[in-house]
$ cat model08.pdb   # PDB, C-alpha atoms
MODEL        1
ATOM      1  CA  MET A   4      70.594 -18.690 -40.528
ATOM      2  CA  ARG A   5      71.583 -21.467 -42.923
ATOM      3  CA  LYS A   6      73.639 -24.465 -41.927
ATOM      4  CA  ASN A   7      75.858 -26.287 -44.414
ATOM      5  CA  PHE A   8      75.773 -30.022 -43.739
ATOM      6  CA  GLY A   9      78.334 -30.735 -46.450
ATOM      7  CA  ALA A  10      78.079 -33.254 -49.269
ATOM      8  CA  LYS A  11      76.466 -36.144 -47.440
ATOM      9  CA  PRO A  12      73.925 -38.611 -48.869
ATOM     10  CA  TYR A  13      71.103 -37.803 -46.426
ATOM     11  CA  THR A  14      68.455 -38.603 -49.005
ATOM     12  CA  TYR A  15      70.285 -41.316 -50.918
ATOM     13  CA  PRO A  16      69.173 -43.481 -52.463
ATOM     14  CA  GLN A  17      66.111 -41.624 -53.672
ATOM     15  CA  PRO A  18      63.174 -43.971 -54.204
ATOM     16  CA  VAL A  19      61.772 -44.352 -57.699
ATOM     17  CA  PHE A  20      58.103 -45.212 -57.948
ATOM     18  CA  ILE A  21      56.715 -46.848 -61.077
ATOM     19  CA  LEU A  22      53.112 -45.947 -61.985
ATOM     20  CA  ALA A  23      51.484 -48.530 -64.236
ATOM     21  CA  SER A  24      48.232 -48.538 -66.176
ATOM     22  CA  TYR A  25      46.508 -50.282 -69.064
ATOM     23  CA  GLY A  26      45.562 -48.534 -72.297
ATOM     24  CA  GLU A  27      42.114 -48.903 -73.824
ATOM     25  CA  ASP A  28      43.431 -51.766 -75.955
ATOM     26  CA  GLY A  29      44.870 -53.562 -72.887
ATOM     27  CA  THR A  30      48.491 -52.583 -73.548
ATOM     28  CA  PRO A  31      50.358 -52.115 -70.262
ATOM     29  CA  ASP A  32      52.286 -48.875 -69.765
ATOM     30  CA  ALA A  33      54.443 -47.439 -66.985
ATOM     31  CA  MET A  34      56.296 -44.278 -66.082
ATOM     32  CA  ASN A  35      58.610 -43.409 -63.228
ATOM     33  CA  ALA A  36      57.894 -40.801 -60.581
ATOM     34  CA  ALA A  37      61.107 -40.164 -58.677
ATOM     35  CA  SER A  38      61.073 -39.176 -55.005
ATOM     36  CA  GLU A  39      57.338 -38.665 -54.478
ATOM     37  CA  VAL A  40      53.965 -39.404 -55.949
ATOM     38  CA  THR A  41      51.475 -36.654 -56.613
ATOM     39  CA  MET A  42      48.604 -36.672 -59.037
ATOM     40  CA  CYS A  43      49.889 -33.790 -61.095
ATOM     41  CA  ILE A  44      51.208 -35.551 -64.188
ATOM     42  CA  SER A  45      51.461 -34.012 -67.614
ATOM     43  CA  ALA A  46      48.613 -34.528 -70.043
ATOM     44  CA  ARG A  47      51.116 -35.480 -72.756
ATOM     45  CA  HIS A  48      51.948 -38.803 -71.023
ATOM     46  CA  LYS A  49      50.233 -41.930 -72.305
ATOM     47  CA  SER A  50      50.015 -43.005 -68.641
ATOM     48  CA  THR A  51      47.924 -39.922 -67.845
ATOM     49  CA  GLU A  52      45.531 -40.736 -70.676
ATOM     50  CA  ASN A  53      45.287 -44.361 -69.492
ATOM     51  CA  ILE A  54      44.658 -43.412 -65.859
ATOM     52  CA  LEU A  55      41.943 -40.918 -66.768
ATOM     53  CA  LYS A  56      40.168 -43.445 -69.005
ATOM     54  CA  LYS A  57      40.525 -46.524 -66.779
ATOM     55  CA  LYS A  58      40.324 -44.698 -63.411
ATOM     56  CA  ALA A  59      42.947 -47.107 -62.087
ATOM     57  CA  PHE A  60      46.722 -47.446 -61.693
ATOM     58  CA  THR A  61      49.290 -49.181 -59.516
ATOM     59  CA  ILE A  62      52.451 -47.850 -57.887
ATOM     60  CA  SER A  63      55.550 -49.988 -57.424
ATOM     61  CA  MET A  64      58.856 -49.018 -55.856
ATOM     62  CA  ALA A  65      61.965 -49.595 -57.939
ATOM     63  CA  ASP A  66      64.904 -51.469 -56.471
ATOM     64  CA  ALA A  67      68.628 -51.288 -57.180
ATOM     65  CA  ALA A  68      68.507 -54.427 -59.340
ATOM     66  CA  HIS A  69      66.169 -52.708 -61.827
ATOM     67  CA  VAL A  70      67.657 -49.212 -62.134
ATOM     68  CA  LYS A  71      68.269 -49.552 -65.879
ATOM     69  CA  GLU A  72      64.748 -50.804 -66.588
ATOM     70  CA  CYS A  73      63.104 -48.111 -64.443
ATOM     71  CA  ASP A  74      65.188 -45.421 -66.074
ATOM     72  CA  TYR A  75      64.046 -46.675 -69.483
ATOM     73  CA  VAL A  76      60.331 -46.412 -68.641
ATOM     74  CA  GLY A  77      60.988 -42.853 -67.492
ATOM     75  CA  LEU A  78      62.775 -41.901 -70.720
ATOM     76  CA  ALA A  79      60.770 -43.750 -73.386
ATOM     77  CA  SER A  80      57.268 -42.574 -74.223
ATOM     78  CA  ALA A  81      54.454 -45.033 -74.860
ATOM     79  CA  ASN A  82      53.074 -42.426 -77.262
ATOM     80  CA  ASP A  83      55.788 -43.464 -79.721
ATOM     81  CA  THR A  84      57.284 -46.685 -78.284
ATOM     82  CA  LEU A  85      55.103 -49.765 -78.659
ATOM     83  CA  ASP A  86      55.450 -52.435 -75.945
ATOM     84  CA  LYS A  87      57.552 -50.115 -73.785
ATOM     85  CA  LEU A  88      57.391 -52.390 -70.745
ATOM     86  CA  ALA A  89      58.412 -55.474 -72.715
ATOM     87  CA  LYS A  90      61.319 -53.517 -74.237
ATOM     88  CA  ALA A  91      62.364 -52.524 -70.719
ATOM     89  CA  GLY A  92      62.459 -56.226 -69.819
ATOM     90  CA  PHE A  93      59.435 -56.172 -67.502
ATOM     91  CA  THR A  94      56.659 -58.726 -67.471
ATOM     92  CA  VAL A  95      53.291 -57.691 -66.077
ATOM     93  CA  SER A  96      50.202 -59.246 -64.607
ATOM     94  CA  LYS A  97      46.832 -57.747 -63.726
ATOM     95  CA  ALA A  98      46.593 -56.259 -60.248
ATOM     96  CA  GLU A  99      44.340 -58.059 -57.796
ATOM     97  CA  PHE A 100      42.165 -55.090 -56.811
ATOM     98  CA  VAL A 101      42.280 -52.588 -59.710
ATOM     99  CA  ASP A 102      42.311 -52.734 -63.523
ATOM    100  CA  ALA A 103      46.000 -51.950 -63.853
ATOM    101  CA  PRO A 104      49.241 -53.902 -64.305
ATOM    102  CA  VAL A 105      51.809 -54.832 -61.670
TER     103      VAL A 105
ENDMDL
END
$ encode --input "model08.pdb" --output "structure tokens"
Amino acid sequence: MRKNFGAKPYTYPQPVFILASYGEDGTPDAMNAASEVTMCISARHKSTENILKKKAFTISMADAAHVKECDYVGLASANDTLDKLAKAGFTVSKAEFVDAPV
């Protein structure tokens, strides 16, 4: 038997996780992974290529103040958008424990 709970925001706001990696040339890249993180990302993403080559990535959780920027990194592709993170307005630094940006 199904129960209708009505239109209530039980899972709102949904978290947005930002996965970041460096390309072979040191260019930082990021993509968003809404709601959950699993390692089943499409081969067509530049982030996937970077992660497979570098064997490293970071995960950051988006906050309400950066919704626009996080949405941009989810929509723009680093395959055809140079300096995607800079265009989103993010600045990056190297992670302390892995070869990936934060």
$ closest_residue --input "model08.pdb" --among "A:Ala59, A:Leu88, A:His69, A:Asn82" --to "Phe100 in chain A" --atoms "all atoms listed in the file"
A:Ala59
$ axis_aligned_box --input "model08.pdb" --around "range 61-80 of chain A" --padding-each-side "5 Å" --output "AutoDock Vina command-line options"
--center_x 59.0 --center_y -48.2 --center_z -65.0 --size_x 29.3 --size_y 22.5 --size_z 28.4
$ resolve_selection --input "model08.pdb" --expression "the PyMOL selection byres ((chain A and resi 49) around 8)" --output "list of chain:residue names"
A:Asp32, A:Ala46, A:Arg47, A:His48, A:Ser50, A:Thr51, A:Glu52, A:Asn53, A:Ser80, A:Ala81, A:Asn82
$ residues_around --input "model08.pdb" --residues "Ile62 in chain A" --least-positions-apart "4" --cutoff "7 Å" --atoms "only C-alpha atoms" --output "CSV table (one decimal) with C-alpha atoms, in the coordinates of the input"
chain,number,residue,atom,x,y,z
A,20,PHE,CA,58.1,-45.2,-57.9
A,21,ILE,CA,56.7,-46.8,-61.1
A,22,LEU,CA,53.1,-45.9,-62.0
A,23,ALA,CA,51.5,-48.5,-64.2
$ atom_distance --input "model08.pdb" --atom1 "CA of Asp28 in chain A" --atom2 "CA of Asp66 in chain A"
29.0 Å
$ atom_distance --input "model08.pdb" --atom1 "CA of Lys90 in chain A" --atom2 "CA of Glu27 in chain A"
19.8 Å
$ resolve_selection --input "model08.pdb" --expression "the PyMOL selection byres ((chain A and resi 91) around 8)" --output "compact mmCIF listing (two decimals) with C-alpha atoms, in the coordinates of the input"
# COMPACT_ATOMS: atom_id res chain seq x y z
CA GLU A 72 64.75 -50.80 -66.59
CA CYS A 73 63.10 -48.11 -64.44
CA TYR A 75 64.05 -46.68 -69.48
CA VAL A 76 60.33 -46.41 -68.64
CA LYS A 87 57.55 -50.12 -73.78
CA LEU A 88 57.39 -52.39 -70.74
CA ALA A 89 58.41 -55.47 -72.72
CA LYS A 90 61.32 -53.52 -74.24
CA GLY A 92 62.46 -56.23 -69.82
CA PHE A 93 59.44 -56.17 -67.50
$ closest_residue --input "model08.pdb" --among "A:Lys57, A:Val101, A:Gly26, A:Asn35" --to "Val70 in chain A" --atoms "only C-alpha atoms"
A:Asn35
$ atom_distance --input "model08.pdb" --atom1 "CA of Asp102 in chain A" --atom2 "CA of Ser63 in chain A"
14.8 Å
$ closest_residue --input "model08.pdb" --among "A:Ser45, A:Lys71, A:Val19, A:Thr61" --to "Ser96 in chain A" --atoms "all atoms listed in the file"
A:Thr61
$ closest_residue --input "model08.pdb" --among "A:Ala65, A:Ala33, A:Cys43, A:Lys56" --to "Pro18 in chain A" --atoms "all atoms listed in the file"
A:Ala65
$ closest_residue --input "model08.pdb" --among "A:Ala103, A:Ala98, A:Leu78, A:Leu85" --to "Met34 in chain A" --atoms "all atoms listed in the file"
A:Leu78
